[in-house]
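Chemist: Next up, work_39.txt (compact mmCIF, C-alpha atoms and all ligand atoms).
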# COMPACT_ATOMS: atom_id res chain seq x y z
CA MET A 1 0.00 0.00 0.00
CA SER A 2 1.31 3.45 -0.89
CA GLY A 3 2.00 6.13 1.69
CA VAL A 4 -1.13 7.95 0.60
CA GLY A 5 -3.12 4.73 0.76
CA GLN A 6 -1.88 4.08 4.29
CA LEU A 7 -2.73 7.62 5.28
CA LEU A 8 -6.23 7.32 3.83
CA SER A 9 -6.83 3.97 5.50
CA MET A 10 -6.04 5.62 8.84
CA CYS A 11 -8.82 8.16 8.16
CA VAL A 12 -11.48 5.55 7.32
CA ASP A 13 -13.72 4.28 10.09
CA TYR A 14 -14.65 0.74 9.10
CA ARG A 15 -17.55 0.77 11.53
CA LEU A 16 -19.31 2.82 8.84
CA ASP A 17 -18.88 0.37 5.95
CA GLY A 18 -22.17 0.31 4.06
CA ALA A 19 -23.15 3.84 5.06
CA ALA A 20 -26.12 5.18 3.10
CA CYS A 21 -24.48 8.62 2.93
CA LYS A 22 -21.48 7.43 0.93
CA GLY A 23 -20.91 9.91 -1.91
CA ARG A 24 -23.57 12.31 -0.58
CA HIS A 25 -21.54 14.48 1.76
CA GLU A 26 -23.12 17.65 0.36
CA LEU A 27 -26.28 16.81 2.32
CA PHE A 28 -24.42 16.09 5.57
CA ASP A 29 -21.86 18.87 5.74
CA PRO A 30 -22.15 21.59 8.40
CA CYS A 31 -23.74 24.92 7.53
CA SER A 32 -21.24 27.07 5.70
CA ARG A 33 -20.78 30.73 6.49
CA ASP A 34 -22.50 31.89 3.30
CA GLU A 35 -25.33 29.32 3.29
CA HIS A 36 -28.87 30.56 3.92
CA ARG A 37 -30.43 28.95 6.99
CA ASP A 38 -33.44 27.71 4.99
CA ASP A 39 -31.12 25.95 2.51
CA PHE A 40 -29.22 24.32 5.37
CA ASN A 41 -32.46 23.21 7.01
CA TYR A 42 -33.71 21.74 3.73
CA ARG A 43 -30.58 19.71 2.98
CA SER A 44 -30.06 18.57 6.57
CA ALA A 45 -33.66 17.32 6.65
CA ALA A 46 -32.85 15.37 3.47
CA ALA A 47 -29.72 14.01 5.17
CA ARG A 48 -31.75 12.83 8.16
CA ARG A 49 -34.12 10.99 5.81
CA VAL A 50 -31.09 9.18 4.33
CA CYS A 51 -30.00 8.28 7.86
CA GLY A 52 -33.42 6.76 8.38
CA THR A 53 -32.55 4.15 5.72
CA CYS A 54 -28.97 3.55 6.83
CA PRO A 55 -27.93 0.06 7.95
CA VAL A 56 -25.09 1.37 10.13
CA ARG A 57 -26.99 4.14 11.92
CA ALA A 58 -26.41 2.68 15.40
CA ARG A 59 -22.66 2.46 14.81
CA CYS A 60 -22.67 5.97 13.35
CA SER A 61 -24.32 7.22 16.52
CA GLU A 62 -21.51 5.61 18.54
CA VAL A 63 -18.91 7.30 16.36
CA ALA A 64 -20.64 10.68 16.74
CA GLU A 65 -20.84 10.28 20.51
CA GLY A 66 -17.12 9.56 20.54
CA LEU A 67 -16.27 12.87 18.88
CA VAL A 68 -15.23 15.94 20.78
CA VAL A 69 -18.46 17.96 21.00
CA ARG A 70 -17.15 20.86 18.95
CA HIS A 71 -16.29 18.44 16.12
CA ARG A 72 -19.87 17.14 16.02
CA GLN A 73 -21.16 19.29 13.16
CA GLY A 74 -23.47 18.60 10.26
CA THR A 75 -25.64 15.50 10.27
CA TRP A 76 -24.70 12.27 12.03
CA ALA A 77 -27.01 9.31 12.64
CA GLY A 78 -30.20 11.28 12.06
CA VAL A 79 -29.17 14.23 14.21
CA THR A 80 -28.05 17.62 12.88
CA TYR A 81 -25.51 19.59 14.90
CA GLY A 82 -24.68 23.28 14.75
CA ALA A 83 -21.34 25.04 14.89
CA PHE A 84 -20.77 24.29 18.58
CA GLY A 85 -22.05 20.72 18.61
CA GLN A 86 -25.55 21.70 19.73
CA ILE A 87 -28.46 19.72 18.25
CA VAL A 88 -30.33 21.83 15.70
CA GLY A 89 -32.45 19.15 14.00
CA GLY A 90 -33.64 15.59 14.38
CA GLY A 91 -32.70 13.48 17.34
CA GLY A 92 -35.75 11.22 17.41
CA PRO A 93 -35.62 7.49 16.75
CA SER A 94 -37.28 7.73 13.31
CA VAL A 95 -36.51 11.07 11.71
S1 LIG B 1 -26.53 7.13 9.89
FE1 LIG B 1 -26.53 8.84 8.43
S2 LIG B 1 -24.60 9.94 8.76
FE2 LIG B 1 -24.43 7.93 9.73
S3 LIG B 1 -23.44 6.63 8.25
FE3 LIG B 1 -25.64 6.37 8.01
S4 LIG B 1 -26.31 7.82 6.45
FE4 LIG B 1 -24.25 8.43 7.14
Mind turning this structure into structure tokens?
Ligand code: SF4

Modeler:
Amino acid sequence: MSGVGQLLSMCVDYRLDGAACKGRHELFDPCSRDEHRDDFNYRSAAARRVCGTCPVRARCSEVAEGLVVRHRQGTWAGVTYGAFGQIVGGGGPSV
């Protein structure tokens, strides 16, 4: 494995193999500075619907809970977090 390949493999969390969000990060990313709040709410709601179909949601929730709170941003396991790790959307068992 190349140096880059080794580096990338260190960044991959294999608990999330099979994630329904693979290739759809644009829905899950945190709110950017220039994004309108309504646009963020719309796409994060779409992200939470994807989470509702995800086979690794429970493991994703564990990963999110293991993050430093300020790094919990965007949508994880059906919950959307704001800039300081506060919950701004979702959080129920079937979002
Ligand atoms: S629960 Fe949501 S954020 Fe987590 S891996 Fe699945 S689709 Fe992605």

Chemist: Throw together the list of residues within 8 Å of ligand LIG 1 (chain B), counting only C-alpha atoms and all ligand atoms, and drop it here as an MDAnalysis selection string.

Modeler: chainID A and resid 16 18:22 28 47:48 50:61 75:78

Chemist: Take the residues from that selection and put them in a file with C-alpha atoms, as a PDB file, keeping the file's coordinate frame.

Modeler:
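File selection.pdb, as written:
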ATOM      1  CA  LEU A  16     -19.310   2.820   8.840  1.00  0.00           C
ATOM      2  CA  GLY A  18     -22.170   0.310   4.060  1.00  0.00           C
ATOM      3  CA  ALA A  19     -23.150   3.840   5.060  1.00  0.00           C
ATOM      4  CA  ALA A  20     -26.120   5.180   3.100  1.00  0.00           C
ATOM      5  CA  CYS A  21     -24.480   8.620   2.930  1.00  0.00           C
ATOM      6  CA  LYS A  22     -21.480   7.430   0.930  1.00  0.00           C
ATOM      7  CA  PHE A  28     -24.420  16.090   5.570  1.00  0.00           C
ATOM      8  CA  ALA A  47     -29.720  14.010   5.170  1.00  0.00           C
ATOM      9  CA  ARG A  48     -31.750  12.830   8.160  1.00  0.00           C
ATOM     10  CA  VAL A  50     -31.090   9.180   4.330  1.00  0.00           C
ATOM     11  CA  CYS A  51     -30.000   8.280   7.860  1.00  0.00           C
ATOM     12  CA  GLY A  52     -33.420   6.760   8.380  1.00  0.00           C
ATOM     13  CA  THR A  53     -32.550   4.150   5.720  1.00  0.00           C
ATOM     14  CA  CYS A  54     -28.970   3.550   6.830  1.00  0.00           C
ATOM     15  CA  PRO A  55     -27.930   0.060   7.950  1.00  0.00           C
ATOM     16  CA  VAL A  56     -25.090   1.370  10.130  1.00  0.00           C
ATOM     17  CA  ARG A  57     -26.990   4.140  11.920  1.00  0.00           C
ATOM     18  CA  ALA A  58     -26.410   2.680  15.400  1.00  0.00           C
ATOM     19  CA  ARG A  59     -22.660   2.460  14.810  1.00  0.00           C
ATOM     20  CA  CYS A  60     -22.670   5.970  13.350  1.00  0.00           C
ATOM     21  CA  SER A  61     -24.320   7.220  16.520  1.00  0.00           C
ATOM     22  CA  THR A  75     -25.640  15.500  10.270  1.00  0.00           C
ATOM     23  CA  TRP A  76     -24.700  12.270  12.030  1.00  0.00           C
ATOM     24  CA  ALA A  77     -27.010   9.310  12.640  1.00  0.00           C
ATOM     25  CA  GLY A  78     -30.200  11.280  12.060  1.00  0.00           C
TER      26      GLY A  78
END

Chemist: For the atom pair atom CA of A:Arg33 and atom CA of A:Arg72, what is the interatomic distance in Å to one decimal place?

Modeler: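 Interatomic distance here is 16.6 Å.
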
Chemist: Out of A:Cys31, A:Ala45, A:Val63, A:Val12, which residue has the shortest atom-to-atom distance to A:Gly82 when counting all atoms listed in the file?

Modeler: A:Cys31

Chemist: Figure out the distance between atom CA of A:Val68 and atom CA of A:Gly85, please, to one decimal in Å.

Modeler: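 Atom CA of A:Val68 lies at a distance of 8.6 Å from atom CA of A:Gly85.
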
Chemist: Could you give me, as a PyMOL selection string, the residues within 7 Å of A:Leu27, counting all atoms listed in the file and dropping anything in the same chain fewer than 2 positions from it?

Modeler: chain A and resi 24-25+29+43-44+46-47

Chemist: Please enclose the listed atoms of stretch 22-35 of chain A in an axis-aligned box, pad each side by 4 Å, and write out the centre and the three edge lengths in Å, rounded to one decimal, as lines of an AutoDock Vina configuration file.

Modeler:
center_x = -23.5
center_y = 19.7
center_z = 3.2
size_x = 13.5
size_y = 32.5
size_z = 18.3

Chemist: Just checking: using all atoms listed in the file, which residue out of A:Gly89, A:Tyr42, A:Asp13, A:Gly66 ends up closest to A:Glu26?

Modeler: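 Under the stated criterion, the closest residue is A:Tyr42.
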
Chemist: Suppose you want the space between atom CA of A:Gly91 and atom CA of A:Asp39; what is it in Å?

Modeler: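 Going from atom CA of A:Gly91 over to atom CA of A:Asp39 covers 19.4 Å.
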